[in-house]
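Chemist: Input work.cif, format and content: mmCIF, C-alpha atoms.
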data_structure
#
loop_
_atom_site.label_atom_id
_atom_site.label_comp_id
_atom_site.auth_asym_id
_atom_site.auth_seq_id
_atom_site.Cartn_x
_atom_site.Cartn_y
_atom_site.Cartn_z
CA MET A 1 27.81 -14.47 7.02
CA ALA A 2 25.49 -13.11 4.30
CA LYS A 3 22.38 -11.34 3.08
CA VAL A 4 20.30 -13.79 1.07
CA SER A 5 17.12 -13.54 -0.98
CA PRO A 6 13.90 -15.21 0.23
CA SER A 7 14.21 -17.81 -2.55
CA GLN A 8 17.80 -18.62 -1.52
CA PHE A 9 16.69 -18.88 2.10
CA GLY A 10 14.00 -21.38 1.07
CA ARG A 11 16.33 -23.40 -1.13
CA ASN A 12 18.72 -23.67 1.83
CA LYS A 13 15.82 -25.16 3.85
CA TYR A 14 15.73 -22.01 6.01
CA LYS A 15 19.07 -22.80 7.62
CA VAL A 16 20.55 -19.90 9.56
CA GLY A 17 24.25 -19.13 9.45
CA GLY A 18 25.41 -17.97 12.88
CA ALA A 19 23.35 -17.12 15.93
CA TRP A 20 21.46 -14.15 14.50
CA CYS A 21 18.85 -13.93 11.74
CA LEU A 22 17.15 -10.69 10.70
CA LEU A 23 13.97 -10.92 8.60
CA TYR A 24 12.58 -7.61 7.36
CA GLY A 25 10.62 -5.99 4.54
CA PRO A 26 6.96 -5.31 3.67
CA ASP A 27 5.93 -8.83 2.57
CA GLU A 28 4.52 -9.97 5.91
CA TRP A 29 3.07 -13.27 4.65
CA SER A 30 6.32 -14.64 3.19
CA LYS A 31 8.30 -13.33 6.14
CA GLN A 32 6.12 -15.07 8.72
CA GLU A 33 6.05 -18.29 6.69
CA ALA A 34 9.85 -18.27 6.48
CA ALA A 35 10.20 -17.53 10.20
CA THR A 36 7.87 -20.41 11.10
CA ALA A 37 9.75 -22.84 8.83
CA ALA A 38 13.16 -21.73 10.11
CA VAL A 39 12.14 -22.12 13.77
CA LYS A 40 10.47 -25.48 13.13
CA GLN A 41 13.58 -27.07 11.63
CA LEU A 42 15.59 -26.04 14.72
CA LEU A 43 13.16 -27.47 17.31
CA PRO A 44 13.55 -31.10 18.41
CA ALA A 45 11.19 -33.18 16.26
CA ASP A 46 10.53 -35.68 19.06
CA ASN A 47 9.20 -33.07 21.51
CA PRO A 48 5.89 -31.43 20.52
CA ASP A 49 6.05 -29.14 23.58
CA ALA A 50 9.27 -27.47 22.47
CA ALA A 51 8.78 -23.82 21.55
CA PRO A 52 10.94 -20.71 21.13
CA LEU A 53 11.02 -17.84 23.58
CA GLU A 54 8.86 -15.03 22.15
CA LEU A 55 9.70 -11.36 22.82
CA ASP A 56 8.17 -8.09 21.59
CA GLY A 57 10.35 -5.20 20.45
CA GLU A 58 8.29 -2.55 22.26
CA GLY A 59 10.31 -1.43 25.29
CA LEU A 60 12.75 -4.32 24.85
CA THR A 61 16.35 -3.87 26.00
CA ALA A 62 19.50 -5.22 24.40
CA ALA A 63 20.36 -6.91 27.72
CA ALA A 64 17.08 -8.86 27.65
CA VAL A 65 17.74 -10.11 24.13
CA VAL A 66 21.29 -11.15 24.98
CA ARG A 67 20.11 -12.83 28.18
CA SER A 68 17.60 -14.88 26.17
CA ALA A 69 20.39 -15.91 23.79
CA GLN A 70 22.39 -17.19 26.75
CA THR A 71 19.56 -19.16 28.40
CA PRO A 72 19.63 -22.94 27.88
CA ALA A 73 16.65 -24.44 26.06
CA LEU A 74 14.10 -26.03 28.40
CA PHE A 75 13.48 -29.04 26.16
CA GLY A 76 16.94 -29.60 24.75
CA GLY A 77 18.14 -28.70 21.28
CA ALA A 78 18.99 -25.16 20.24
CA CYS A 79 18.09 -22.16 22.40
CA ILE A 80 15.74 -20.22 20.10
CA THR A 81 14.43 -16.69 20.62
CA VAL A 82 11.99 -14.86 18.33
CA VAL A 83 11.80 -11.07 18.65
CA ARG A 84 8.79 -9.69 16.80
CA GLY A 85 8.65 -6.00 15.93
CA ILE A 86 12.37 -5.33 16.33
CA GLN A 87 11.77 -1.94 14.66
CA ARG A 88 9.88 -0.90 17.83
CA MET A 89 13.04 -1.37 19.91
CA ALA A 90 14.54 1.98 20.90
CA ALA A 91 17.42 3.21 18.72
CA ASP A 92 19.95 3.19 21.57
CA GLN A 93 19.00 -0.38 22.47
CA GLN A 94 19.39 -1.48 18.85
CA GLU A 95 22.86 0.06 18.84
CA ALA A 96 23.71 -1.69 22.13
CA LEU A 97 22.51 -5.00 20.68
CA ALA A 98 24.70 -4.48 17.62
CA GLN A 99 27.70 -4.35 19.95
CA SER A 100 26.67 -7.52 21.83
CA LEU A 101 26.06 -10.08 19.08
CA GLU A 102 29.13 -12.15 19.95
CA ARG A 103 27.71 -12.88 23.43
CA ALA A 104 25.17 -15.47 22.23
CA ALA A 105 25.69 -18.97 23.63
CA PRO A 106 26.88 -21.76 21.29
CA GLY A 107 23.88 -23.30 19.54
CA ALA A 108 21.63 -20.31 20.26
CA VAL A 109 19.64 -18.73 17.41
CA VAL A 110 17.85 -15.38 17.66
CA PHE A 111 15.33 -14.34 15.02
CA LEU A 112 14.74 -10.60 14.77
CA ILE A 113 11.58 -9.87 12.75
CA ALA A 114 10.82 -6.33 11.57
CA SER A 115 7.44 -5.33 10.19
CA GLY A 116 7.40 -3.46 6.90
CA ALA A 117 6.92 0.30 6.64
CA PRO A 118 3.36 1.61 6.18
CA GLU A 119 2.07 1.76 2.61
CA GLY A 120 3.70 4.60 0.70
CA GLU A 121 6.57 5.02 3.18
CA ARG A 122 10.14 3.82 2.93
CA GLY A 123 12.37 2.15 5.49
CA HIS A 124 11.97 -0.68 7.99
CA GLY A 125 12.99 0.82 11.33
CA VAL A 126 16.10 -1.35 11.82
CA ARG A 127 19.23 0.65 12.63
CA GLY A 128 21.94 0.48 9.99
CA ASP A 129 24.63 -0.64 12.47
CA LEU A 130 22.51 -3.56 13.65
CA LEU A 131 21.66 -4.63 10.11
CA LYS A 132 25.31 -4.51 9.00
CA LYS A 133 26.57 -6.37 12.08
CA ILE A 134 24.04 -9.16 11.64
CA GLU A 135 24.87 -9.39 7.93
CA ALA A 136 28.53 -9.86 8.93
CA VAL A 137 27.96 -12.57 11.56
CA GLY A 138 24.56 -14.10 10.74
CA THR A 139 21.80 -14.17 8.14
CA VAL A 140 19.76 -11.25 6.75
CA VAL A 141 16.72 -11.77 4.49
CA GLU A 142 14.71 -8.94 2.93
CA PHE A 143 11.13 -9.68 1.89
CA GLU A 144 9.78 -7.31 -0.78
CA HIS A 145 6.27 -7.50 -2.17
CA PRO A 146 6.29 -9.55 -5.39
CA GLN A 147 5.77 -7.94 -8.76
CA LYS A 148 2.34 -8.27 -10.33
CA ASP A 149 3.00 -11.38 -12.45
CA GLN A 150 4.67 -13.10 -9.49
CA ALA A 151 1.68 -12.26 -7.30
CA VAL A 152 -0.71 -13.75 -9.88
CA LYS A 153 1.29 -16.99 -9.91
CA TRP A 154 1.32 -17.00 -6.11
CA VAL A 155 -2.47 -16.63 -6.04
CA THR A 156 -2.84 -19.63 -8.37
CA ASP A 157 -0.51 -21.79 -6.27
CA ARG A 158 -1.99 -20.65 -2.96
CA ALA A 159 -5.54 -21.34 -4.11
CA ARG A 160 -4.48 -24.86 -5.03
CA SER A 161 -2.96 -25.37 -1.58
CA LEU A 162 -6.33 -24.33 -0.10
CA GLY A 163 -8.06 -27.01 -2.18
CA SER A 164 -9.43 -24.66 -4.84
CA ASP A 165 -8.69 -23.88 -8.45
CA ILE A 166 -8.79 -20.26 -9.62
CA GLU A 167 -9.18 -19.25 -13.24
CA PRO A 168 -6.25 -17.23 -14.68
CA ALA A 169 -8.48 -14.20 -15.35
CA ALA A 170 -9.80 -14.37 -11.78
CA ALA A 171 -6.28 -14.59 -10.32
CA ARG A 172 -5.18 -11.52 -12.28
CA TYR A 173 -8.33 -9.59 -11.36
CA LEU A 174 -7.84 -10.42 -7.68
CA VAL A 175 -4.33 -8.96 -7.78
CA GLU A 176 -5.61 -5.88 -9.60
CA VAL A 177 -8.25 -5.32 -6.90
CA VAL A 178 -6.21 -6.18 -3.80
CA GLY A 179 -2.64 -5.38 -4.90
CA GLU A 180 0.53 -7.43 -4.42
CA ASN A 181 0.26 -7.71 -0.64
CA LEU A 182 0.30 -11.49 -0.09
CA LEU A 183 -1.15 -11.23 3.41
CA GLU A 184 -4.23 -9.43 2.08
CA LEU A 185 -4.45 -11.76 -0.92
CA ASP A 186 -4.36 -14.76 1.41
CA LYS A 187 -7.27 -13.40 3.46
CA GLU A 188 -9.36 -12.90 0.33
CA LEU A 189 -8.43 -16.32 -1.06
CA GLU A 190 -9.63 -18.02 2.12
CA LYS A 191 -13.01 -16.28 1.78
CA LEU A 192 -13.21 -17.11 -1.93
CA SER A 193 -12.38 -20.78 -1.31
CA LEU A 194 -15.27 -21.07 1.14
CA PHE A 195 -17.64 -19.10 -1.10
CA ALA A 196 -16.86 -21.20 -4.20
CA ALA A 197 -16.81 -24.54 -2.36
CA GLY A 198 -18.44 -27.21 -4.50
CA GLU A 199 -17.88 -25.29 -7.73
CA LYS A 200 -15.28 -26.21 -10.31
CA HIS A 201 -13.33 -22.93 -10.26
CA ILE A 202 -13.04 -19.60 -8.51
CA THR A 203 -14.13 -17.21 -11.26
CA ARG A 204 -13.79 -13.51 -11.92
CA ALA A 205 -17.46 -13.16 -11.00
CA HIS A 206 -16.74 -14.71 -7.57
CA VAL A 207 -13.95 -12.19 -7.00
CA HIS A 208 -16.16 -9.29 -8.09
CA GLU A 209 -18.93 -10.39 -5.72
CA ILE A 210 -16.86 -11.22 -2.63
CA VAL A 211 -13.77 -8.99 -2.63
CA PRO A 212 -14.32 -5.31 -1.83
CA ARG A 213 -12.74 -3.03 -4.39
CA ARG A 214 -9.78 -1.19 -2.91
CA ILE A 215 -10.35 2.52 -3.16
CA GLU A 216 -6.78 3.08 -4.43
CA GLU A 217 -7.33 0.71 -7.36
CA ALA A 218 -10.71 2.29 -8.09
CA VAL A 219 -9.03 5.70 -8.31
CA PHE A 220 -6.60 4.36 -10.94
CA GLU A 221 -9.57 3.12 -12.93
CA MET A 222 -11.46 6.43 -12.48
CA ALA A 223 -8.51 8.33 -13.94
CA GLU A 224 -8.45 5.93 -16.90
CA ALA A 225 -12.21 6.30 -17.36
CA ALA A 226 -11.83 10.09 -17.35
CA ALA A 227 -8.99 9.92 -19.88
CA ASP A 228 -11.05 7.60 -22.11
CA GLY A 229 -14.29 9.56 -21.73
CA LYS A 230 -16.27 6.73 -20.08
CA PRO A 231 -18.67 8.36 -17.59
CA ALA A 232 -20.74 5.17 -17.06
CA LEU A 233 -17.65 3.28 -15.83
CA ALA A 234 -16.57 6.19 -13.62
CA LEU A 235 -20.06 6.39 -12.05
CA GLN A 236 -20.04 2.64 -11.41
CA LEU A 237 -16.71 2.94 -9.61
CA VAL A 238 -18.06 5.75 -7.42
CA ASN A 239 -21.15 3.70 -6.61
CA ASP A 240 -19.03 0.63 -5.76
CA ILE A 241 -16.99 2.65 -3.27
CA PHE A 242 -19.96 4.30 -1.55
CA ALA A 243 -21.84 0.98 -1.46
CA THR A 244 -19.16 -0.44 0.86
CA SER A 245 -19.33 2.45 3.38
CA GLN A 246 -22.11 3.33 5.83
CA ARG A 247 -24.11 6.46 5.11
CA SER A 248 -22.72 8.13 8.23
CA GLU A 249 -19.23 7.60 6.79
CA HIS A 250 -19.97 9.13 3.36
CA GLY A 251 -18.26 12.39 4.31
CA LYS A 252 -15.02 10.59 5.17
CA THR A 253 -15.31 8.41 2.06
CA ALA A 254 -15.77 11.46 -0.16
CA GLY A 255 -12.82 13.23 1.46
CA ARG A 256 -10.53 10.26 1.01
CA LEU A 257 -11.68 9.71 -2.57
CA LEU A 258 -11.10 13.36 -3.48
CA GLY A 259 -7.65 13.29 -1.90
CA LEU A 260 -6.66 10.13 -3.77
CA LEU A 261 -8.07 11.44 -7.07
CA SER A 262 -6.08 14.64 -6.64
CA ARG A 263 -2.91 12.65 -5.94
CA GLN A 264 -3.61 10.41 -8.93
CA LEU A 265 -3.86 13.38 -11.29
CA ARG A 266 -0.67 14.90 -9.83
CA LEU A 267 1.05 11.56 -10.55
CA VAL A 268 -0.21 11.76 -14.14
CA TRP A 269 1.20 15.31 -14.19
CA ASP A 270 4.55 13.92 -13.04
CA ALA A 271 4.47 11.25 -15.73
CA LYS A 272 3.91 13.90 -18.41
CA ARG A 273 6.82 15.97 -17.05
CA LEU A 274 9.13 12.95 -17.06
CA LEU A 275 8.13 12.04 -20.62
CA GLU A 276 8.77 15.60 -21.80
CA ALA A 277 12.16 15.53 -20.03
CA GLY A 278 13.19 12.57 -22.21
CA TRP A 279 12.43 9.70 -19.83
CA LYS A 280 10.98 6.50 -21.26
CA PRO A 281 9.26 3.66 -19.34
CA GLY A 282 11.81 1.10 -18.21
CA GLN A 283 14.68 3.59 -18.07
CA GLU A 284 16.41 4.81 -14.94
CA VAL A 285 15.11 8.13 -13.60
CA THR A 286 17.99 10.60 -13.22
CA GLU A 287 18.36 12.87 -10.21
CA ASP A 288 17.49 15.89 -12.39
CA GLN A 289 14.31 14.14 -13.55
CA ARG A 290 13.37 13.17 -9.98
CA ALA A 291 13.60 16.84 -9.04
CA LEU A 292 10.70 17.50 -11.45
CA LEU A 293 8.29 15.28 -9.50
CA ALA A 294 5.56 16.84 -7.39
CA GLU A 295 4.64 13.58 -5.65
CA ALA A 296 6.96 11.47 -3.48
CA THR A 297 6.67 8.10 -5.21
CA SER A 298 9.18 5.49 -6.33
CA TRP A 299 6.85 3.85 -8.85
CA PHE A 300 8.74 5.35 -11.78
CA TRP A 301 12.05 3.67 -10.93
CA GLU A 302 11.45 0.71 -8.59
CA PRO A 303 10.77 -2.68 -10.27
CA ARG A 304 7.69 -3.45 -8.15
CA GLY A 305 6.11 -0.15 -9.23
CA LYS A 306 6.71 -0.74 -12.93
CA TRP A 307 3.14 -1.74 -13.78
CA LYS A 308 1.72 1.29 -11.94
CA ALA A 309 4.14 3.57 -13.78
CA ALA A 310 3.02 2.03 -17.09
CA ARG A 311 -0.61 2.90 -16.29
CA LEU A 312 0.36 6.45 -15.35
CA VAL A 313 2.20 6.83 -18.66
CA ARG A 314 -0.87 5.65 -20.59
CA GLN A 315 -3.00 8.20 -18.76
CA ALA A 316 -0.40 10.93 -19.35
CA HIS A 317 -0.59 10.36 -23.10
CA ARG A 318 -4.39 10.76 -23.04
CA PHE A 319 -4.57 13.98 -20.99
CA THR A 320 -3.50 17.37 -22.35
CA TRP A 321 -1.90 19.90 -20.03
CA PRO A 322 -4.98 22.20 -20.04
CA ALA A 323 -7.20 19.18 -19.30
CA LEU A 324 -5.08 18.14 -16.32
CA ALA A 325 -5.04 21.67 -14.91
CA GLY A 326 -8.81 21.90 -15.38
CA ALA A 327 -9.36 18.53 -13.70
CA LEU A 328 -7.36 19.58 -10.66
CA ASP A 329 -9.41 22.81 -10.47
CA MET A 330 -12.64 20.76 -10.58
CA LEU A 331 -11.36 18.56 -7.76
CA ALA A 332 -10.52 21.61 -5.64
CA GLU A 333 -14.00 23.09 -6.25
CA THR A 334 -15.73 19.83 -5.31
CA ASP A 335 -13.54 19.40 -2.22
CA LEU A 336 -14.44 22.90 -1.04
CA ALA A 337 -18.17 22.32 -1.67
CA VAL A 338 -18.12 19.06 0.32
CA LYS A 339 -16.17 20.56 3.23
CA GLU A 340 -18.40 23.64 3.44
CA GLY A 341 -21.61 21.63 3.14
CA ALA A 342 -22.60 23.36 -0.10
CA ALA A 343 -23.13 20.04 -1.92
CA ASP A 344 -26.57 18.35 -1.69
CA SER A 345 -24.76 15.12 -0.76
CA GLU A 346 -21.18 13.89 -0.81
CA ARG A 347 -22.07 11.04 -3.14
CA LEU A 348 -23.90 13.30 -5.60
CA ALA A 349 -20.95 15.71 -5.59
CA LEU A 350 -18.57 12.89 -6.53
CA GLU A 351 -20.91 11.60 -9.22
CA GLN A 352 -21.17 15.06 -10.79
CA LEU A 353 -17.41 15.48 -10.61
CA VAL A 354 -16.55 12.25 -12.45
CA VAL A 355 -19.12 12.99 -15.16
CA ARG A 356 -17.48 16.40 -15.70
CA LEU A 357 -14.02 14.81 -15.73
CA CYS A 358 -15.16 12.38 -18.45
CA SER A 359 -16.63 15.05 -20.74
CA PRO A 360 -14.78 15.78 -24.04
CA GLN A 361 -14.15 19.36 -22.92
CA SER A 362 -12.12 18.05 -19.96
CA ARG A 363 -9.59 16.18 -22.10
#
Using structure tokens, write down the structure from this file.
Modeler:
Amino acid sequence: MAKVSPSQFGRNKYKVGGAWCLLYGPDEWSKQEAATAAVKQLLPADNPDAAPLELDGEGLTAAAVVRSAQTPALFGGACITVVRGIQRMAADQQEALAQSLERAAPGAVVFLIASGAPEGERGHGVRGDLLKKIEAVGTVVEFEHPQKDQAVKWVTDRARSLGSDIEPAAARYLVEVVGENLLELDKELEKLSLFAAGEKHITRAHVHEIVPRRIEEAVFEMAEAAADGKPALALQLVNDIFATSQRSEHGKTAGRLLGLLSRQLRLVWDAKRLLEAGWKPGQEVTEDQRALLAEATSWFWEPRGKWKAARLVRQAHRFTWPALAGALDMLAETDLAVKEGAADSERLALEQLVVRLCSPQSR
């Protein structure tokens, strides 16, 4: 049949071509909403007890999936099966299922739902043969995280559906803090709607008070503060992060923060190398240019990473090569001091580090 975009799937009222429908990709919120809508329009409207057969991919066999697709519906209408976590199905069973798609009963529809890969990893765990076979005989929909501007619009619309109104600056700030993961944004919006109940708008101040700052976003801002020579901002970011962790967890927090800061500066290093190799933001990254990269990231060439790449480029312009090398040396020294217990406290060690990174001599 076809591979369609999420928007096409919605415009077609979530109608499935053929007996098989594969939904995959990292955008869990949109994927689950689409699955719910697609199943609902297949169930008999006059029978509130009608429900699909639910299966889990863990330990599931191809024979069990095919058997479900051949079982008559208990309440009439289409025989519907929903397999969640198809990526957990063993590779040999996925291959066997790919060879058995034609065995579904007339009127049967099987939804195969794959969870997205963990943050920073690629892939979705669905075997290529199975994906291609379903694309040939059924419907395949890939759900990517939206780009930043799309996520901001989604936040505005979603807040309205929850009975709240969010100010544009607050919507953008929420995306900056949480990222483009709609599932996480939805959780925070629900909390914000309750917190701001009775007030005219959800404001940036509400977001700042209620939504915990993601450590990854804080690291981006720390690197920018260091590049701009703003120690007060960098110290505030460190304090925000440690304020959200228990004292007994400060060692782990410091270790994670140091690791992310080190990675952030290596990404800035990569951005400088790409710029010196002739690459410009918005251009394709050649294979030769990719070979220059120290960090495995697709931000420089994938559309949804464009805004992160733009921030890395800005930081790359502000750091000199000696400053970057010196910053990485400072990080290594602080990491060693924390691990060996030589620092008076993990928090103090991080505070001293960011002040040093922000000094004029470090840029």
Chemist: Please provide the set of residues having any atom within 12 Å of range 339-348 of chain A, restricted to all atoms listed in the file, with same-chain residues fewer than 3 positions apart removed, written as a PyMOL selection string.
Modeler: chain A and resi 235-243+245-258+332-336+351-355
Chemist: Need to verify the contact set: Leu328 in chain A, 10 Å, only C-alpha atoms, exclusion of same-chain residues closer than 2 positions in sequence. Can you return it as a PyMOL selection string?
Modeler: chain A and resi 261-263+265-266+323-326+330-334+357
Chemist: Extract, using only C-alpha atoms, all DNA, RNA and protein residues at most 9 Å from Ala159 in chain A, discarding same-chain residues fewer than 4 positions from it, and format them as a list in words.
Modeler: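 What passes the distance filter is Trp154, Val155, Gly163, Ser164, Asp165, Ile166, Asp186, Leu189, Glu190, Ser193 and Ile202 of chain A.
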Chemist: So that I can check the surroundings of Ser115 in chain A, please list as a ChimeraX atom specification every protein, DNA and RNA residue that reaches within 10 Å of it, counting only C-alpha atoms and ignoring chain neighbours fewer than 2 positions away.
Modeler: /A:23-28,31-32,84-88,113,117-118,124-126
Chemist: So that I have them on file, write out the residues from the current selection with C-alpha atoms, as an mmCIF file, keeping the file's coordinate frame.
Modeler:
data_model
loop_
_atom_site.group_PDB
_atom_site.id
_atom_site.type_symbol
_atom_site.label_atom_id
_atom_site.label_comp_id
_atom_site.auth_asym_id
_atom_site.auth_seq_id
_atom_site.Cartn_x
_atom_site.Cartn_y
_atom_site.Cartn_z
ATOM 1 C CA LEU A 23 13.970 -10.920 8.600
ATOM 2 C CA TYR A 24 12.580 -7.610 7.360
ATOM 3 C CA GLY A 25 10.620 -5.990 4.540
ATOM 4 C CA PRO A 26 6.960 -5.310 3.670
ATOM 5 C CA ASP A 27 5.930 -8.830 2.570
ATOM 6 C CA GLU A 28 4.520 -9.970 5.910
ATOM 7 C CA LYS A 31 8.300 -13.330 6.140
ATOM 8 C CA GLN A 32 6.120 -15.070 8.720
ATOM 9 C CA ARG A 84 8.790 -9.690 16.800
ATOM 10 C CA GLY A 85 8.650 -6.000 15.930
ATOM 11 C CA ILE A 86 12.370 -5.330 16.330
ATOM 12 C CA GLN A 87 11.770 -1.940 14.660
ATOM 13 C CA ARG A 88 9.880 -0.900 17.830
ATOM 14 C CA ILE A 113 11.580 -9.870 12.750
ATOM 15 C CA ALA A 117 6.920 0.300 6.640
ATOM 16 C CA PRO A 118 3.360 1.610 6.180
ATOM 17 C CA HIS A 124 11.970 -0.680 7.990
ATOM 18 C CA GLY A 125 12.990 0.820 11.330
ATOM 19 C CA VAL A 126 16.100 -1.350 11.820
#
Chemist: Mind pulling up the distance from CA of Ile210 in chain A to CA of Phe195 in chain A?
Modeler: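 It comes out at 8.1 Å.
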Chemist: I want to know what sits within 6 Å of Gly138 in chain A, based on all atoms listed in the file, with residues of the same chain fewer than 2 positions away left out; could you give that as a CSV table (one decimal) with C-alpha atoms, in the frame of the given file?
Modeler:
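Result file selection_22.csv:
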chain,number,residue,atom,x,y,z
A,1,MET,CA,27.8,-14.5,7.0
A,17,GLY,CA,24.2,-19.1,9.4
A,18,GLY,CA,25.4,-18.0,12.9
A,20,TRP,CA,21.5,-14.2,14.5
A,21,CYS,CA,18.8,-13.9,11.7
A,134,ILE,CA,24.0,-9.2,11.6
A,135,GLU,CA,24.9,-9.4,7.9
Chemist: Listing only residues of range 147-225 of chain A within 10 Å of range 311-317 of chain A, what is the closest atom pair and its distance in Å (to one decimal) for each, using only C-alpha atoms, sorted by chain and residue number ascending, as a Markdown table?
Modeler:
| residue | atom | partner | partner_atom | distance |
| --- | --- | --- | --- | --- |
| A:Phe220 | CA | A:Arg311 | CA | 8.2 |
| A:Glu221 | CA | A:Arg311 | CA | 9.6 |
| A:Ala223 | CA | A:Gln315 | CA | 7.3 |
| A:Glu224 | CA | A:Gln315 | CA | 6.2 |
| A:Ala225 | CA | A:Gln315 | CA | 9.5 |
Chemist: Dump as a PyMOL selection string all residues having an atom at most 12 Å from (26.2, -7.2, 21.6), computed in the file's coordinates with all atoms listed in the file.
Modeler: chain A and resi 19-20+61-67+69-70+93-105+129-130+133-134+137
Chemist: For this file, the PyMOL selection byres ((chain A and resi 152) around 9) selects which residues, as an mmCIF file with C-alpha atoms, keeping the file's coordinate frame?
Modeler:
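Contents of out28.cif, as written:
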data_model
loop_
_atom_site.group_PDB
_atom_site.id
_atom_site.type_symbol
_atom_site.label_atom_id
_atom_site.label_comp_id
_atom_site.auth_asym_id
_atom_site.auth_seq_id
_atom_site.Cartn_x
_atom_site.Cartn_y
_atom_site.Cartn_z
ATOM 1 C CA GLN A 147 5.770 -7.940 -8.760
ATOM 2 C CA LYS A 148 2.340 -8.270 -10.330
ATOM 3 C CA ASP A 149 3.000 -11.380 -12.450
ATOM 4 C CA GLN A 150 4.670 -13.100 -9.490
ATOM 5 C CA ALA A 151 1.680 -12.260 -7.300
ATOM 6 C CA LYS A 153 1.290 -16.990 -9.910
ATOM 7 C CA TRP A 154 1.320 -17.000 -6.110
ATOM 8 C CA VAL A 155 -2.470 -16.630 -6.040
ATOM 9 C CA THR A 156 -2.840 -19.630 -8.370
ATOM 10 C CA ASP A 157 -0.510 -21.790 -6.270
ATOM 11 C CA PRO A 168 -6.250 -17.230 -14.680
ATOM 12 C CA ALA A 171 -6.280 -14.590 -10.320
ATOM 13 C CA ARG A 172 -5.180 -11.520 -12.280
ATOM 14 C CA TYR A 173 -8.330 -9.590 -11.360
ATOM 15 C CA LEU A 174 -7.840 -10.420 -7.680
ATOM 16 C CA VAL A 175 -4.330 -8.960 -7.780
ATOM 17 C CA GLU A 180 0.530 -7.430 -4.420
#
Chemist: So how many Å separate CA of Ala136 in chain A and CA of Leu60 in chain A, to one decimal?
Modeler: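 Interatomic distance, CA of Ala136 in chain A to CA of Leu60 in chain A: 23.1 Å.
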Chemist: Just checking: using only C-alpha atoms, which residue out of A:Gln41, A:Thr36, A:Ser298, A:Ser5 ends up closest to Val82 in chain A?
Modeler: A:Thr36
Chemist: Using all atoms listed in the file, find the one residue out of A:Asn47, A:Thr320, A:Gly305, A:Gly229 that sits nearest to Lys272 in chain A.
Modeler: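 Comparing A:Asn47, A:Thr320, A:Gly305, A:Gly229 against Lys272 in chain A, the winner is A:Thr320.
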Chemist: For His206 in chain A, which residue out of A:Lys191, A:Ala218, A:Ala2, A:Ala309 is the nearest one, using only C-alpha atoms?
Modeler: A:Lys191
Chemist: Which residues would end up in the selection if the PyMOL selection byres ((chain A and resi 274) around 12) were applied here, given that I need the answer as a ChimeraX atom specification?
Modeler: /A:267-273,275-281,283-294,300-301,309,312-313,316-317
Chemist: To one decimal place in Å, what is the distance between CA of Lys3 in chain A and CA of Ala45 in chain A?
Modeler: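 Between CA of Lys3 in chain A and CA of Ala45 in chain A the gap is 27.9 Å.
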Chemist: Kindly provide, as lines of an AutoDock Vina configuration file, the centre and edge lengths (Å, one decimal) of an axis-aligned box around all atoms of range 64-70 of chain A given in the file, with 8 Å on each side.
Modeler:
center_x = 19.7
center_y = -13.0
center_z = 26.0
size_x = 21.3
size_y = 24.3
size_z = 20.4
Chemist: Choose the residue, out of A:Glu58, A:Glu295, A:Glu144, A:Asp92, that has the smallest atom-to-atom separation from Leu182 in chain A; count all atoms listed in the file.
Modeler: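 The answer is A:Glu144, which sits nearest to Leu182 in chain A.
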Chemist: Can you tell me, as a PyMOL selection string, which residues sit within 6 Å of (-11.4, -14.9, -12.1) in the file's frame, using all atoms listed in the file?
Modeler: chain A and resi 167+169-171+203-204
Chemist: Give the answer as one residue: which of A:Leu22, A:Cys79, A:Ala227, A:Val178 has the shortest atom-to-atom distance to Leu42 in chain A, using all atoms listed in the file?
Modeler: A:Cys79
Chemist: Could N, CA and C atoms be built for range 143-151 of chain A and written out as a compact mmCIF listing (two decimals), in the coordinates of the input?
Modeler:
# COMPACT_ATOMS: atom_id res chain seq x y z
N PHE A 143 12.33 -9.20 2.55
CA PHE A 143 11.13 -9.68 1.89
C PHE A 143 10.37 -8.50 1.26
N GLU A 144 10.52 -8.33 -0.04
CA GLU A 144 9.78 -7.31 -0.78
C GLU A 144 8.47 -7.90 -1.29
N HIS A 145 7.48 -7.02 -1.51
CA HIS A 145 6.27 -7.50 -2.17
C HIS A 145 6.64 -8.01 -3.57
N PRO A 146 6.00 -9.06 -4.04
CA PRO A 146 6.29 -9.55 -5.39
C PRO A 146 5.80 -8.57 -6.45
N GLN A 147 6.31 -8.70 -7.65
CA GLN A 147 5.77 -7.94 -8.76
C GLN A 147 4.44 -8.57 -9.18
N LYS A 148 3.72 -7.87 -10.03
CA LYS A 148 2.34 -8.27 -10.33
C LYS A 148 2.25 -9.69 -10.87
N ASP A 149 3.07 -10.04 -11.86
CA ASP A 149 3.00 -11.38 -12.45
C ASP A 149 3.35 -12.46 -11.42
N GLN A 150 4.31 -12.15 -10.55
CA GLN A 150 4.67 -13.10 -9.49
C GLN A 150 3.51 -13.29 -8.52
N ALA A 151 2.82 -12.18 -8.21
CA ALA A 151 1.68 -12.26 -7.30
C ALA A 151 0.55 -13.10 -7.90
